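Just below is one structure, and these are the notes that go with it.
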Amino acid sequence: MRAPLPRHGRRWLLSLALAGAAALAGCGPPATLKKRSGYWADQSVQASAYNYRVRFLVLHYTRDRAGRALKVLTGPHVSVHYLVGPHPATRDGAPIVRQLVPEDERAWHAGVSSWAGRHHINDTSIGIEIVNLGPIDTPGEPRRWQPYTDAQIRAVIALARDIVTRYDIKPANVVGHADIAPQRKIDPGPAFPWHRLYEAGIGAWPDPERVAIYARRFADHAPPVARIQSRLADYGYDLPVSGRLDARTRAVLRAFQMHFRPSGVNGMPDTQTLARLWALDAQYR
């Protein structure tokens, strides 16, 4: 006597039988049954134990003008999901969002990178490039940064809000390229208005009252370097705890300052930088 089929086997055969019956009746298979190359895929039952591949939103500047940036980002070496910049379809050069890579595909925008204990951030992120030249260096003059236009930031806010809502991206996981690769990258730079994005419900920002409390605490007694490194790592930066204010630590501090304290980017752990770091850890980690 043949052993009875397990329940999932009976369900699968029933689906095929129903599909066959529907086909004979001229109605075609149900919408949840998909014919693929050499097999049928039954999508009528969905698992509940899963999450989205996308965990991070990474913002960049192009450091090129629009035409050159588009050529590079559609070439063989780098790519990004979205490019925000001027478009020939608009008479006034207003920014338009170009989607260059589908969101469910892996774009090549992050490179060697790490955030919140995860590496190879291309695997788990969506990238947005904004047309902007970044630093402008003139001999004999201090470095300047090209400002982002109001129209650009409005477009970025609309796009980013859509992405973080659909994928439930946590505030501390909305980052810049400099955050995930602080020894290699500095974009989107200190001119990027992170606080404006926060006010629009996108990303993290330290609470001023918490910052004031920690600033008073650290005014006379700064924490040791090892504890600062530990806090930076807790927030998400890839930084070992060495107890030394070395080049790697200063690069991470510069990235943190460009994001959360753009008025003073020098890679040094001053009171205001530390107060913001401690406040962010308390709020988000």
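Naming scheme: A, B, ... for chains in displayed order of the structure tokens; residues 1 onward per chain; ligands 1 onward as shown.
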
Looking only at the backbone, which of the residues in segment 15-119 of chain A does DSSP tag as helix (DSSP H, G or I), as a list in words?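 So the helix (DSSP H, G or I) residues in segment 15-119 of chain A would be Ser15, Leu16, Ala17, Leu18, Ala19, Gly20, Ala21, Ala22, Ala23, Leu24, Ala66, Gly67, Arg68, Ala69, Leu70, Lys71, Val72 and Leu73 of chain A.
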
File of the preceding selection, all heavy atoms, as a compact mmCIF listing (two decimals), in the first residue's frame:
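Saved as result-v1.txt:
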```txt
# COMPACT_ATOMS: atom_id res chain seq x y z
N SER A 15 -2.83 22.29 -6.43
CA SER A 15 -2.63 23.52 -7.20
C SER A 15 -2.47 23.21 -8.68
O SER A 15 -3.03 23.87 -9.55
CB SER A 15 -1.39 24.27 -6.70
OG SER A 15 -1.57 24.70 -5.39
N LEU A 16 -1.67 22.16 -8.99
CA LEU A 16 -1.47 21.78 -10.38
C LEU A 16 -2.78 21.29 -11.00
O LEU A 16 -3.09 21.60 -12.16
CB LEU A 16 -0.41 20.70 -10.49
CG LEU A 16 1.04 21.15 -10.23
CD1 LEU A 16 1.98 19.95 -10.39
CD2 LEU A 16 1.44 22.27 -11.18
N ALA A 17 -3.55 20.53 -10.21
CA ALA A 17 -4.81 20.02 -10.73
C ALA A 17 -5.77 21.16 -11.03
O ALA A 17 -6.44 21.18 -12.07
CB ALA A 17 -5.43 19.05 -9.72
N LEU A 18 -5.83 22.13 -10.13
CA LEU A 18 -6.69 23.29 -10.35
C LEU A 18 -6.25 24.07 -11.58
O LEU A 18 -7.07 24.55 -12.36
CB LEU A 18 -6.69 24.18 -9.11
CG LEU A 18 -7.41 23.61 -7.89
CD1 LEU A 18 -7.18 24.53 -6.68
CD2 LEU A 18 -8.90 23.46 -8.17
N ALA A 19 -4.93 24.20 -11.72
CA ALA A 19 -4.42 24.93 -12.88
C ALA A 19 -4.80 24.21 -14.16
O ALA A 19 -5.19 24.83 -15.16
CB ALA A 19 -2.91 25.08 -12.79
N GLY A 20 -4.66 22.86 -14.14
CA GLY A 20 -5.03 22.09 -15.32
C GLY A 20 -6.50 22.20 -15.63
O GLY A 20 -6.90 22.36 -16.79
N ALA A 21 -7.32 22.13 -14.60
CA ALA A 21 -8.76 22.24 -14.81
C ALA A 21 -9.13 23.60 -15.37
O ALA A 21 -9.97 23.73 -16.27
CB ALA A 21 -9.49 21.98 -13.48
N ALA A 22 -8.49 24.65 -14.83
CA ALA A 22 -8.78 26.00 -15.31
C ALA A 22 -8.37 26.16 -16.75
O ALA A 22 -9.04 26.80 -17.56
CB ALA A 22 -8.07 27.03 -14.43
N ALA A 23 -7.22 25.54 -17.09
CA ALA A 23 -6.74 25.64 -18.46
C ALA A 23 -7.70 24.95 -19.41
O ALA A 23 -7.99 25.45 -20.50
CB ALA A 23 -5.34 25.04 -18.57
N LEU A 24 -8.22 23.74 -19.01
CA LEU A 24 -9.15 23.01 -19.86
C LEU A 24 -10.43 23.79 -20.04
O LEU A 24 -11.09 23.73 -21.07
CB LEU A 24 -9.44 21.64 -19.23
CG LEU A 24 -8.30 20.62 -19.30
CD1 LEU A 24 -8.66 19.36 -18.51
CD2 LEU A 24 -8.00 20.26 -20.76
N ALA A 66 26.59 67.07 -14.74
CA ALA A 66 25.54 66.08 -15.01
C ALA A 66 25.89 65.14 -16.17
O ALA A 66 25.73 63.92 -16.05
CB ALA A 66 24.22 66.79 -15.28
N GLY A 67 26.34 65.69 -17.28
CA GLY A 67 26.60 64.86 -18.45
C GLY A 67 27.69 63.84 -18.21
O GLY A 67 27.54 62.65 -18.53
N ARG A 68 28.78 64.29 -17.62
CA ARG A 68 29.89 63.39 -17.33
C ARG A 68 29.49 62.35 -16.28
O ARG A 68 29.83 61.17 -16.39
CB ARG A 68 31.08 64.22 -16.84
CG ARG A 68 32.25 63.41 -16.27
CD ARG A 68 32.92 62.57 -17.31
NE ARG A 68 34.06 61.84 -16.74
CZ ARG A 68 34.65 60.82 -17.32
NH1 ARG A 68 34.25 60.39 -18.51
NH2 ARG A 68 35.67 60.21 -16.74
N ALA A 69 28.73 62.78 -15.26
CA ALA A 69 28.30 61.86 -14.21
C ALA A 69 27.42 60.75 -14.79
O ALA A 69 27.58 59.57 -14.45
CB ALA A 69 27.54 62.61 -13.12
N LEU A 70 26.50 61.11 -15.66
CA LEU A 70 25.62 60.11 -16.27
C LEU A 70 26.44 59.12 -17.10
O LEU A 70 26.17 57.90 -17.06
CB LEU A 70 24.57 60.80 -17.13
CG LEU A 70 23.53 59.87 -17.77
CD1 LEU A 70 22.74 59.13 -16.71
CD2 LEU A 70 22.60 60.67 -18.68
N LYS A 71 27.42 59.61 -17.82
CA LYS A 71 28.26 58.72 -18.63
C LYS A 71 29.01 57.73 -17.75
O LYS A 71 29.08 56.53 -18.05
CB LYS A 71 29.24 59.54 -19.46
CG LYS A 71 30.10 58.71 -20.39
CD LYS A 71 31.00 59.59 -21.25
CE LYS A 71 31.86 58.75 -22.19
NZ LYS A 71 32.74 59.60 -23.03
N VAL A 72 29.59 58.22 -16.64
CA VAL A 72 30.35 57.35 -15.74
C VAL A 72 29.44 56.32 -15.07
O VAL A 72 29.77 55.13 -15.00
CB VAL A 72 31.09 58.18 -14.68
CG1 VAL A 72 31.68 57.29 -13.60
CG2 VAL A 72 32.18 59.03 -15.33
N LEU A 73 28.28 56.77 -14.61
CA LEU A 73 27.38 55.90 -13.85
C LEU A 73 26.63 54.90 -14.72
O LEU A 73 25.99 53.98 -14.19
CB LEU A 73 26.39 56.74 -13.05
CG LEU A 73 27.01 57.55 -11.90
CD1 LEU A 73 26.01 58.55 -11.35
CD2 LEU A 73 27.50 56.62 -10.79
```

What are the nearest atom pairs, with distances in Å to one decimal, for all residues of segment 135-194 of chain A that come at most 7 Å from segment 253-269 of chain A, using only C-alpha atoms, set out by chain and rising residue number as a tab-separated table?
```
residue	atom	partner	partner_atom	distance
A:Ala178	CA	A:Ala255	CA	5.5
A:Asp179	CA	A:Ala255	CA	5.6
A:Pro182	CA	A:Ala255	CA	5.8
A:Ile186	CA	A:Ala255	CA	6.9
A:Gly189	CA	A:Met258	CA	6.0
A:Pro190	CA	A:Met258	CA	4.5
A:Trp194	CA	A:His259	CA	6.6
```

Of the residues A:His119, A:His109, A:Arg53, A:Arg63, which is the one nearest to Pro188 of chain A, using only C-alpha atoms?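 Using only C-alpha atoms, the shortest distance to Pro188 of chain A belongs to A:Arg63.
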
Extract, using only C-alpha atoms, all DNA, RNA and protein residues at most 12 Å from Ile228 of chain A, discarding same-chain residues fewer than 5 positions from it, and format them as a tab-separated table (two decimals) with N, CA and C atoms, in the first residue's frame.
```tsv
chain	number	residue	atom	x	y	z
A	218	PHE	N	31.32	66.92	29.42
A	218	PHE	CA	32.64	66.76	28.83
A	218	PHE	C	33.47	68.05	28.81
A	222	ALA	N	37.05	65.12	29.31
A	222	ALA	CA	36.75	64.37	28.09
A	222	ALA	C	36.97	62.88	28.33
A	223	PRO	N	36.17	62.02	27.73
A	223	PRO	CA	36.37	60.57	27.89
A	223	PRO	C	37.66	60.13	27.21
A	233	ALA	N	32.00	53.14	17.15
A	233	ALA	CA	31.68	51.80	16.64
A	233	ALA	C	30.25	51.41	16.97
A	234	ASP	N	29.80	51.77	18.18
A	234	ASP	CA	28.42	51.46	18.56
A	234	ASP	C	27.43	52.14	17.62
A	235	TYR	N	27.75	53.36	17.20
A	235	TYR	CA	26.82	54.08	16.33
A	235	TYR	C	26.79	53.47	14.92
A	237	TYR	N	30.14	53.07	12.86
A	237	TYR	CA	31.41	53.18	12.13
A	237	TYR	C	32.28	51.95	12.34
A	239	LEU	N	35.43	50.80	13.28
A	239	LEU	CA	36.58	51.35	13.97
A	239	LEU	C	36.98	50.45	15.14
A	240	PRO	N	38.20	49.92	15.11
A	240	PRO	CA	38.66	49.12	16.25
A	240	PRO	C	38.98	50.01	17.45
A	241	VAL	N	38.92	49.44	18.63
A	241	VAL	CA	39.23	50.17	19.86
A	241	VAL	C	40.71	49.96	20.16
A	242	SER	N	41.52	50.95	19.81
A	242	SER	CA	42.97	50.86	20.01
A	242	SER	C	43.46	51.73	21.16
A	243	GLY	N	42.65	52.74	21.52
A	243	GLY	CA	43.09	53.68	22.55
A	243	GLY	C	44.02	54.76	22.01
A	244	ARG	N	44.24	54.78	20.69
A	244	ARG	CA	45.14	55.78	20.09
A	244	ARG	C	44.36	56.66	19.12
A	245	LEU	N	44.62	57.95	19.14
A	245	LEU	CA	43.99	58.88	18.21
A	245	LEU	C	44.80	58.84	16.91
A	249	THR	N	41.14	56.75	13.21
A	249	THR	CA	40.17	57.34	14.12
A	249	THR	C	39.84	58.77	13.72
A	250	ARG	N	40.83	59.52	13.32
A	250	ARG	CA	40.59	60.90	12.89
A	250	ARG	C	39.76	60.93	11.61
A	252	VAL	N	37.43	58.77	10.81
A	252	VAL	CA	36.07	58.51	11.25
A	252	VAL	C	35.47	59.74	11.91
A	253	LEU	N	36.25	60.42	12.74
A	253	LEU	CA	35.75	61.64	13.38
A	253	LEU	C	35.42	62.71	12.34
A	268	MET	N	39.14	66.09	15.19
A	268	MET	CA	39.52	66.10	16.60
A	268	MET	C	38.29	65.89	17.48
A	269	PRO	N	38.44	65.17	18.59
A	269	PRO	CA	37.30	64.87	19.46
A	269	PRO	C	37.00	66.01	20.45
A	270	ASP	N	36.56	67.13	19.95
A	270	ASP	CA	36.24	68.27	20.81
A	270	ASP	C	34.92	68.04	21.53
A	271	THR	N	34.60	68.93	22.45
A	271	THR	CA	33.43	68.75	23.31
A	271	THR	C	32.14	68.64	22.52
A	273	THR	N	31.63	67.75	19.37
A	273	THR	CA	31.59	66.50	18.61
A	273	THR	C	31.21	65.34	19.52
A	274	LEU	N	31.85	65.26	20.68
A	274	LEU	CA	31.56	64.16	21.61
A	274	LEU	C	30.13	64.25	22.14
A	275	ALA	N	29.67	65.45	22.42
A	275	ALA	CA	28.30	65.60	22.92
A	275	ALA	C	27.29	65.10	21.90
A	276	ARG	N	27.51	65.39	20.64
A	276	ARG	CA	26.62	64.90	19.59
A	276	ARG	C	26.70	63.38	19.46
A	277	LEU	N	27.89	62.84	19.56
A	277	LEU	CA	28.05	61.39	19.45
A	277	LEU	C	27.32	60.68	20.58
A	278	TRP	N	27.51	61.12	21.80
A	278	TRP	CA	26.86	60.49	22.95
A	278	TRP	C	25.34	60.63	22.84
A	281	ASP	N	24.04	58.13	20.19
A	281	ASP	CA	24.02	56.76	20.71
A	281	ASP	C	22.85	56.54	21.67
```

Using DSSP on the backbone coordinates, identify the residues of segment 75-156 of chain A assigned to strand (DSSP E); present them as a list in words.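 DSSP-assigned strand (DSSP E) residues in segment 75-156 of chain A: Tyr82, Leu83, Val84, Gly85, Pro86, Pro95, Ile96, Val97, Arg98, Gln99, Ser114, Trp115, Arg118, His119, Ser125, Ile126, Gly127, Ile128, Glu129, Ile130, Pro135, Ile136, Arg144 and Trp145 of chain A.
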
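Shortest atom-to-atom contact with Val84 of chain A among A:Val131, A:Ala282, A:Ala116, A:Val164: A:Val131, counting only C-alpha atoms.
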
Calculate how many Å separate atom CA of Thr124 of chain A from atom CA of Arg106 of chain A, rounding to one decimal.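 Those two atoms sit 8.1 Å apart.
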
Find the residues near Ala172 of chain A: any atom within 7 Å, counting only C-alpha atoms, skip ones fewer than 5 places away on the same chain, and give them as a VMD selection string. chain A and resid 203 to 204 284

Could the residues in this selection be saved with N, CA and C atoms as a PDB file, in the first residue's frame?
```
ATOM      1  N   GLY A 203      16.396  60.126   8.350  1.00  0.00           N
ATOM      2  CA  GLY A 203      17.698  60.061   8.989  1.00  0.00           C
ATOM      3  C   GLY A 203      17.686  60.501  10.437  1.00  0.00           C
ATOM      4  N   ALA A 204      18.890  60.549  11.015  1.00  0.00           N
ATOM      5  CA  ALA A 204      19.072  60.830  12.439  1.00  0.00           C
ATOM      6  C   ALA A 204      19.632  62.229  12.643  1.00  0.00           C
ATOM      7  N   TYR A 284      19.495  56.504  19.349  1.00  0.00           N
ATOM      8  CA  TYR A 284      19.297  55.557  18.255  1.00  0.00           C
ATOM      9  C   TYR A 284      19.917  54.188  18.477  1.00  0.00           C
TER      10      TYR A 284
END
```

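Atom CA of Arg227 of chain A is found 27.5 Å from atom CA of Leu57 of chain A.
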
Determine, counting only C-alpha atoms, which protein, DNA and RNA residues have an atom within 6 Å of an atom of Trp115 of chain A; residues of the same chain fewer than 3 positions away are not included. Present the result as a list in words.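 Once the adjacent positions are removed, what remains is Arg118, Ile180, Gly236 and Tyr237 of chain A.
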
Need the shell around Gln146 of chain A: protein/DNA/RNA residues with any atom at most 7 Å away, counting only C-alpha atoms. Skip same-chain ones fewer than 4 positions apart. Format as a tab-separated table (two decimals) with N, CA, C and O atoms, in the first residue's frame?
```
chain	number	residue	atom	x	y	z
A	132	ASN	N	26.83	67.30	-8.00
A	132	ASN	CA	27.46	68.34	-7.18
A	132	ASN	C	28.96	68.17	-7.32
A	132	ASN	O	29.46	67.04	-7.32
A	133	LEU	N	29.69	69.27	-7.41
A	133	LEU	CA	31.14	69.21	-7.62
A	133	LEU	C	31.91	68.94	-6.34
A	133	LEU	O	33.11	68.66	-6.39
A	134	GLY	N	31.26	69.05	-5.17
A	134	GLY	CA	31.96	68.79	-3.92
A	134	GLY	C	32.95	69.88	-3.59
A	134	GLY	O	32.64	71.08	-3.68
A	135	PRO	N	34.18	69.53	-3.20
A	135	PRO	CA	35.16	70.55	-2.80
A	135	PRO	C	35.68	71.33	-4.00
A	135	PRO	O	35.92	70.77	-5.07
A	136	ILE	N	35.83	72.62	-3.80
A	136	ILE	CA	36.39	73.51	-4.83
A	136	ILE	C	37.66	74.11	-4.26
A	136	ILE	O	37.62	74.92	-3.32
```
